[in-house]
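A.B. asks: Have a peek at upload.txt (compact mmCIF, C-alpha atoms).
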```txt
# COMPACT_ATOMS: atom_id res chain seq x y z
CA MET H 1 -156.10 -13.27 5.43
CA THR H 2 -153.24 -12.57 7.77
CA LYS H 3 -149.83 -12.34 6.19
CA ARG H 4 -146.98 -14.22 7.77
CA ALA H 5 -143.31 -13.73 7.03
CA VAL H 6 -140.79 -16.25 8.16
CA ILE H 7 -137.04 -15.87 7.99
CA GLY H 8 -135.17 -19.09 8.69
CA GLY H 9 -131.81 -18.98 10.40
CA TRP H 10 -128.99 -21.05 8.95
CA TRP H 11 -127.76 -24.03 10.95
CA CYS H 12 -124.16 -24.12 12.10
CA ALA H 13 -121.93 -26.73 13.72
CA LEU H 14 -121.68 -26.72 17.52
CA LEU H 15 -119.05 -29.39 17.90
CA LEU H 16 -116.07 -30.49 15.84
CA ALA H 17 -117.67 -33.48 14.14
CA GLY H 18 -115.22 -36.24 13.57
CA THR H 19 -112.89 -35.35 16.43
CA GLY H 20 -113.93 -38.39 18.40
CA ALA H 21 -113.68 -40.64 15.35
CA ALA H 22 -110.20 -39.41 14.53
CA HIS H 23 -109.11 -40.06 18.09
CA ALA H 24 -110.60 -43.57 18.12
CA GLN H 25 -108.86 -44.46 14.87
CA GLY H 26 -105.49 -42.87 15.59
CA ALA H 27 -102.18 -44.69 15.61
CA GLY H 28 -101.64 -47.04 18.50
CA THR H 29 -105.33 -47.68 19.29
CA ALA H 30 -106.26 -51.22 20.18
CA ASN H 31 -109.28 -51.37 17.85
CA GLU H 32 -109.13 -49.34 14.65
CA ASP H 33 -112.71 -50.28 13.71
CA PHE H 34 -114.30 -48.27 16.50
CA GLU H 35 -115.77 -44.84 15.64
CA PHE H 36 -117.18 -42.20 17.99
CA THR H 37 -118.30 -38.91 16.43
CA PRO H 38 -119.80 -36.03 18.45
CA SER H 39 -121.91 -33.61 16.41
CA GLY H 40 -124.55 -30.93 16.70
CA TYR H 41 -126.25 -27.97 15.09
CA VAL H 42 -128.51 -25.06 15.97
CA GLN H 43 -131.32 -23.46 13.95
CA PHE H 44 -132.76 -20.02 14.67
CA ASP H 45 -136.12 -18.74 13.48
CA TRP H 46 -137.20 -15.12 13.13
CA ARG H 47 -140.87 -14.41 12.39
CA GLY H 48 -142.78 -11.26 11.53
CA TYR H 49 -146.55 -10.77 11.63
CA PRO H 50 -147.28 -7.56 9.69
CA GLY H 51 -150.78 -6.24 10.20
CA TRP H 52 -151.54 -8.78 12.93
CA ASP H 53 -152.82 -6.94 16.01
CA VAL H 54 -153.06 -9.98 18.31
CA PRO H 55 -150.03 -10.13 20.63
CA THR H 56 -147.87 -13.26 20.38
CA ASP H 57 -148.17 -15.82 23.17
CA THR H 58 -151.92 -15.16 23.40
CA GLY H 59 -154.83 -16.85 21.70
CA ARG H 60 -154.01 -19.21 18.86
CA LEU H 61 -150.89 -17.39 17.74
CA ASN H 62 -148.54 -18.51 20.47
CA ARG H 63 -145.10 -18.41 18.88
CA ASP H 64 -142.50 -15.75 19.60
CA THR H 65 -141.02 -13.66 16.81
CA PHE H 66 -137.63 -15.22 17.65
CA GLU H 67 -136.81 -18.67 18.91
CA VAL H 68 -134.10 -21.28 18.91
CA ARG H 69 -136.02 -23.76 16.80
CA ARG H 70 -133.63 -26.68 17.20
CA LEU H 71 -130.54 -27.30 19.31
CA ARG H 72 -129.37 -30.82 18.56
CA LEU H 73 -126.44 -32.46 20.30
CA GLY H 74 -125.44 -36.06 19.92
CA VAL H 75 -122.97 -38.77 19.08
CA ASP H 76 -122.90 -41.50 16.49
CA GLY H 77 -120.47 -44.11 15.32
CA ARG H 78 -119.92 -47.79 14.73
CA TRP H 79 -118.01 -50.83 15.86
CA ARG H 80 -117.64 -53.54 13.26
CA ARG H 81 -121.23 -54.44 12.23
CA LEU H 82 -122.82 -52.40 15.02
CA SER H 83 -123.69 -48.71 14.53
CA TYR H 84 -125.37 -46.37 16.99
CA GLU H 85 -126.77 -42.85 17.35
CA VAL H 86 -127.89 -40.75 20.31
CA SER H 87 -129.20 -37.19 19.96
CA ILE H 88 -131.04 -34.78 22.27
CA ASP H 89 -132.70 -31.39 21.99
CA PRO H 90 -133.25 -29.95 25.51
CA GLN H 91 -135.52 -27.13 24.35
CA ASP H 92 -137.58 -28.71 21.55
CA ASP H 93 -141.19 -29.13 22.71
CA SER H 94 -142.60 -30.51 19.46
CA ASP H 95 -142.85 -34.08 20.83
CA GLY H 96 -142.59 -33.39 24.54
CA VAL H 97 -139.35 -35.35 25.02
CA SER H 98 -135.77 -34.12 24.84
CA VAL H 99 -134.31 -37.42 23.60
CA LYS H 100 -134.77 -37.64 19.84
CA ASP H 101 -132.83 -40.66 18.58
CA ALA H 102 -131.27 -43.33 20.78
CA TYR H 103 -130.75 -46.62 19.00
CA GLY H 104 -128.33 -49.34 18.00
CA GLN H 105 -128.30 -51.06 14.62
CA PHE H 106 -126.72 -54.37 13.64
CA ARG H 107 -125.90 -55.10 9.99
CA PHE H 108 -126.33 -58.74 9.03
CA SER H 109 -126.06 -57.91 5.33
CA ARG H 110 -127.05 -55.18 2.87
CA ALA H 111 -130.50 -56.77 2.73
CA VAL H 112 -131.04 -57.21 6.48
CA ARG H 113 -130.31 -54.75 9.28
CA LEU H 114 -131.88 -54.69 12.73
CA ARG H 115 -132.48 -51.42 14.60
CA VAL H 116 -133.63 -51.25 18.24
CA GLY H 117 -134.28 -48.19 20.41
CA GLN H 118 -136.07 -44.88 19.86
CA PHE H 119 -136.21 -43.45 16.34
CA LYS H 120 -138.63 -42.31 13.65
CA LEU H 121 -141.29 -44.79 12.60
CA PRO H 122 -141.34 -45.64 8.88
CA GLY H 123 -143.40 -43.00 7.13
CA GLY H 124 -143.49 -40.20 4.60
CA LEU H 125 -140.65 -38.71 2.61
CA GLU H 126 -140.75 -35.22 4.14
CA TYR H 127 -140.88 -36.26 7.78
CA GLY H 128 -138.21 -38.87 7.15
CA THR H 129 -135.82 -36.17 5.91
CA SER H 130 -133.52 -34.87 8.64
CA ALA H 131 -134.25 -31.32 9.82
CA ARG H 132 -130.58 -30.57 9.18
CA THR H 133 -131.05 -31.11 5.42
CA ALA H 134 -134.73 -30.14 4.99
CA ASP H 135 -135.48 -27.48 2.37
CA PHE H 136 -137.25 -25.18 4.85
CA MET H 137 -137.06 -24.44 8.56
CA GLU H 138 -140.47 -26.04 9.13
CA ARG H 139 -141.99 -29.02 7.42
CA ALA H 140 -145.40 -28.71 5.81
CA ALA H 141 -147.96 -28.52 8.65
CA PHE H 142 -149.88 -31.63 7.63
CA ALA H 143 -146.67 -33.60 7.03
CA ASP H 144 -145.76 -32.91 10.66
CA VAL H 145 -149.26 -33.68 11.95
CA ALA H 146 -149.80 -36.86 9.95
CA ALA H 147 -146.37 -38.31 10.76
CA ALA H 148 -146.15 -41.06 13.37
CA GLY H 149 -143.11 -39.41 14.95
CA ARG H 150 -140.50 -41.18 17.06
CA ASP H 151 -141.10 -44.02 19.48
CA LEU H 152 -139.51 -47.02 21.17
CA GLY H 153 -139.40 -50.23 19.18
CA GLY H 154 -137.59 -52.50 16.78
CA MET H 155 -137.33 -52.44 13.00
CA VAL H 156 -135.87 -54.54 10.20
CA LEU H 157 -134.62 -52.63 7.15
CA GLY H 158 -132.47 -53.18 4.11
CA ASP H 159 -132.00 -52.97 0.36
CA VAL H 160 -132.77 -55.72 -2.11
CA GLY H 161 -131.89 -54.79 -5.67
CA ARG H 162 -133.78 -51.61 -6.50
CA PHE H 163 -136.08 -52.02 -3.50
CA GLY H 164 -135.59 -50.63 -0.02
CA TYR H 165 -137.81 -51.57 2.91
CA GLU H 166 -138.47 -50.77 6.58
CA ALA H 167 -140.84 -52.72 8.85
CA GLY H 168 -141.18 -52.53 12.61
CA VAL H 169 -143.29 -52.73 15.76
CA PHE H 170 -143.31 -49.91 18.30
CA VAL H 171 -144.65 -49.19 21.77
CA GLY H 172 -146.75 -46.39 20.29
CA ASP H 173 -146.61 -43.48 17.87
CA GLY H 174 -145.09 -40.21 18.96
CA ASN H 175 -143.39 -40.75 22.33
CA GLY H 176 -144.37 -37.83 24.56
CA ARG H 177 -147.38 -36.76 22.50
CA VAL H 178 -150.83 -36.45 24.07
CA SER H 179 -152.18 -38.09 20.91
CA ARG H 180 -149.96 -41.16 21.28
CA ALA H 181 -151.55 -44.45 20.23
CA GLU H 182 -150.87 -47.89 21.69
CA THR H 183 -148.73 -50.61 20.07
CA THR H 184 -148.15 -49.57 16.45
CA GLY H 185 -146.92 -51.44 13.40
CA ALA H 186 -145.37 -49.47 10.54
CA GLY H 187 -143.69 -50.18 7.23
CA ARG H 188 -142.34 -48.46 4.15
CA VAL H 189 -141.23 -49.65 0.71
CA GLN H 190 -139.12 -47.61 -1.71
CA PHE H 191 -138.32 -48.38 -5.34
CA ALA H 192 -135.63 -46.84 -7.55
CA ALA H 193 -137.57 -46.64 -10.82
CA GLY H 194 -134.63 -45.05 -12.61
CA ARG H 195 -131.32 -43.37 -11.98
CA ASP H 196 -133.05 -40.13 -10.90
CA LEU H 197 -136.55 -41.34 -9.94
CA GLU H 198 -137.67 -42.92 -6.66
CA LEU H 199 -141.16 -44.06 -5.62
CA GLY H 200 -142.24 -44.83 -2.07
CA GLY H 201 -145.25 -45.88 -0.03
CA TYR H 202 -145.98 -46.52 3.65
CA VAL H 203 -148.61 -47.64 6.13
CA SER H 204 -148.90 -47.68 9.92
CA ALA H 205 -151.64 -48.86 12.29
CA GLY H 206 -152.14 -48.55 16.04
CA ARG H 207 -154.97 -48.70 18.55
CA THR H 208 -156.36 -45.73 20.47
CA GLU H 209 -158.64 -45.83 23.50
CA ALA H 210 -160.81 -42.96 24.74
CA VAL H 211 -160.88 -42.28 28.49
CA ASP H 212 -163.42 -39.67 29.55
CA GLU H 213 -161.38 -38.58 32.58
CA ASP H 214 -158.31 -37.83 30.42
CA ALA H 215 -157.74 -35.13 27.82
CA PRO H 216 -158.75 -35.81 24.18
CA GLN H 217 -156.11 -37.93 22.47
CA GLY H 218 -156.92 -37.38 18.80
CA ILE H 219 -154.49 -35.95 16.29
CA VAL H 220 -154.23 -32.18 16.60
CA GLY H 221 -153.56 -29.94 13.60
CA ARG H 222 -151.18 -27.14 14.51
CA ALA H 223 -149.08 -24.96 12.21
CA ALA H 224 -145.57 -23.73 13.04
CA SER H 225 -146.98 -20.39 14.17
CA GLY H 226 -149.14 -22.18 16.75
CA TYR H 227 -152.38 -21.74 14.80
CA ARG H 228 -154.68 -24.78 15.16
CA PHE H 229 -156.43 -25.78 11.96
CA PHE H 230 -158.29 -28.62 13.68
CA ASP H 231 -158.66 -29.51 17.35
CA GLN H 232 -158.28 -32.77 19.21
CA VAL H 233 -161.29 -34.96 19.88
CA TYR H 234 -161.83 -38.19 21.79
CA VAL H 235 -161.12 -41.19 19.54
CA ASN H 236 -161.55 -44.91 20.04
CA GLY H 237 -160.36 -47.60 17.66
CA TRP H 238 -157.70 -47.88 14.96
CA ARG H 239 -155.40 -45.08 13.91
CA MET H 240 -154.26 -45.57 10.32
CA ARG H 241 -151.67 -43.66 8.33
CA THR H 242 -151.09 -44.28 4.64
CA GLY H 243 -149.20 -42.38 1.99
CA GLY H 244 -147.11 -42.39 -1.13
CA ASP H 245 -144.36 -40.18 -2.50
CA VAL H 246 -142.26 -39.58 -5.57
CA ALA H 247 -138.90 -37.82 -5.91
CA TRP H 248 -137.13 -36.88 -9.13
CA ALA H 249 -133.57 -35.56 -8.80
CA PRO H 250 -131.88 -34.88 -12.16
CA GLY H 251 -128.51 -33.30 -11.53
CA SER H 252 -128.64 -30.52 -8.96
CA TRP H 253 -132.45 -30.22 -9.20
CA ARG H 254 -134.94 -32.10 -7.04
CA VAL H 255 -138.72 -32.26 -7.42
CA ALA H 256 -140.78 -34.21 -4.88
CA GLY H 257 -144.44 -34.76 -4.13
CA GLU H 258 -146.26 -36.64 -1.41
CA TYR H 259 -149.76 -37.95 -0.61
CA MET H 260 -150.66 -38.39 3.08
CA ARG H 261 -153.73 -39.67 4.89
CA ALA H 262 -154.31 -40.09 8.64
CA THR H 263 -157.56 -41.40 10.13
CA ASP H 264 -158.79 -42.01 13.70
CA GLU H 265 -161.72 -44.34 14.41
CA ARG H 266 -164.43 -43.22 16.81
CA THR H 267 -166.25 -46.49 17.40
CA GLU H 268 -169.01 -46.55 20.03
CA GLN H 269 -168.96 -42.75 20.17
CA GLY H 270 -171.87 -40.53 19.20
CA LEU H 271 -171.52 -37.71 16.71
CA ASP H 272 -171.97 -35.23 19.58
CA VAL H 273 -168.73 -36.30 21.32
```
Turn the structure described in the file into structure tokens.
C.D. replies:
Amino acid sequence: MTKRAVIGGWWCALLLAGTGAAHAQGAGTANEDFEFTPSGYVQFDWRGYPGWDVPTDTGRLNRDTFEVRRLRLGVDGRWRRLSYEVSIDPQDDSDGVSVKDAYGQFRFSRAVRLRVGQFKLPGGLEYGTSARTADFMERAAFADVAAAGRDLGGMVLGDVGRFGYEAGVFVGDGNGRVSRAETTGAGRVQFAAGRDLELGGYVSAGRTEAVDEDAPQGIVGRAASGYRFFDQVYVNGWRMRTGGDVAWAPGSWRVAGEYMRATDERTEQGLDV
């Protein structure tokens, strides 16, 4: 088997986060509840392929040995019960769109908040973790593949006792992806079983429709190096994602595990498609 060495670059701040907020809340401002915070970070990735005699950018290994993996710029803030976030990455091709998050959220109470715009669909623990705080430069390949990604829609979320929930309806799954489904519903429930233990589960469902004249729109399995571990096929029917996760964080330690499942129906299609 081919060996692959990956050295992750450390993220660093691009803007002085909090400068805008400090200005908005300074003495003499008309509304001291308004916050505006610019922020950003960059992540570099160096890769080595010892013993691999296939040049990069050819065949299935199509990643350079050096790349700017993420270059996120954005703003966030709040005004009274309304919070907002906008972030872009002009060079990230993972979803095919440069706008990552662009949404507004209104807080009715701790138990009910309404979010509208483009953001991550409710899903698994690993994909839901921000890339800024993820343990590794790249998420597990299947966690990336099985995730519904970001899309336009609306979601209700909140916390009720030990339970947290998210439930929403979206235009599709994965805005910008070739594998994007149609209207998708998604939800997640999380339970604090103890001071250090959290359990979670999620489900999402959306329709897909095969069009012979278009490219295959099935889920594609691709690792960070560009290697495809399964190819796209034509699919027709329901796309379902289900999963569960557990996280135990005693003190400075954290142990987490996750189960993920993604299925595409191929109704009215022969096995030779």
A.B. asks: Could you put an axis-aligned box around every listed atom of region 118-136 of chain H, padded by 4 Å on each side, and send me its centre and edge lengths in Å to one decimal, as AutoDock Vina command-line options?
C.D. replies:
```
--center_x -137.0 --center_y -35.4 --center_z 11.1 --size_x 20.9 --size_y 28.5 --size_z 25.5
```
A.B. asks: Check the smallest atom-to-atom distance from each of H:Arg113, H:Lys100, H:Arg80, H:Arg241 to Asn175 (chain H) using all atoms listed in the file, then report the winner.
C.D. replies: H:Lys100
A.B. asks: Show which residues sit within 12 Å of Val160 (chain H), as a PyMOL selection string. Count all atoms listed in the file, and ignore same-chain residues fewer than 5 positions away.
C.D. replies: chain H and resi 109-113+165-166+189-192
A.B. asks: Taking into account all atoms listed in the file, which residue in the set H:Gly123, H:Gly161, H:Asp231, H:Ala186 is nearest to Asp144 (chain H)?
C.D. replies: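 With all atoms listed in the file as the atom set, the closest residue is H:Gly123.
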A.B. asks: Tell me, in Å to one decimal, how far CA of Gly200 (chain H) is from CA of Asp159 (chain H).
C.D. replies: 13.3 Å
A.B. asks: By how many Å are CA of Gly168 (chain H) and CA of Gly149 (chain H) apart?
C.D. replies: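 Computing it gives 13.5 Å between the two atoms.
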A.B. asks: Could you pull out every residue with an atom within 6 Å of (-127.2, -40.4, 17.7), file coordinates, counting all atoms listed in the file, and send them as a count of residues only?
C.D. replies: 8
A.B. asks: Just to confirm, what's the straight-line distance from CA of Val156 (chain H) to CA of Phe136 (chain H) in Å (one decimal)?
C.D. replies: 29.9 Å
A.B. asks: For Ala249 (chain H), please output as a ChimeraX atom specification all residues within 6 Å (counting all atoms listed in the file; exclusion window: fewer than 4 positions along the same chain).
C.D. replies: /H:196,253-254
A.B. asks: Give me the residues within 7 Å of region 151-153 of chain H as a list of chain:residue names, counting all atoms listed in the file and dropping any in the same chain fewer than 5 places off.
C.D. replies: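 In the requested format, the answer is H:Val116, H:Gly117, H:Gln118, H:Phe119, H:Lys120, H:Leu121, H:Val169, H:Phe170, H:Val171, H:Gly172, H:Asp173, H:Gly174, H:Asn175.
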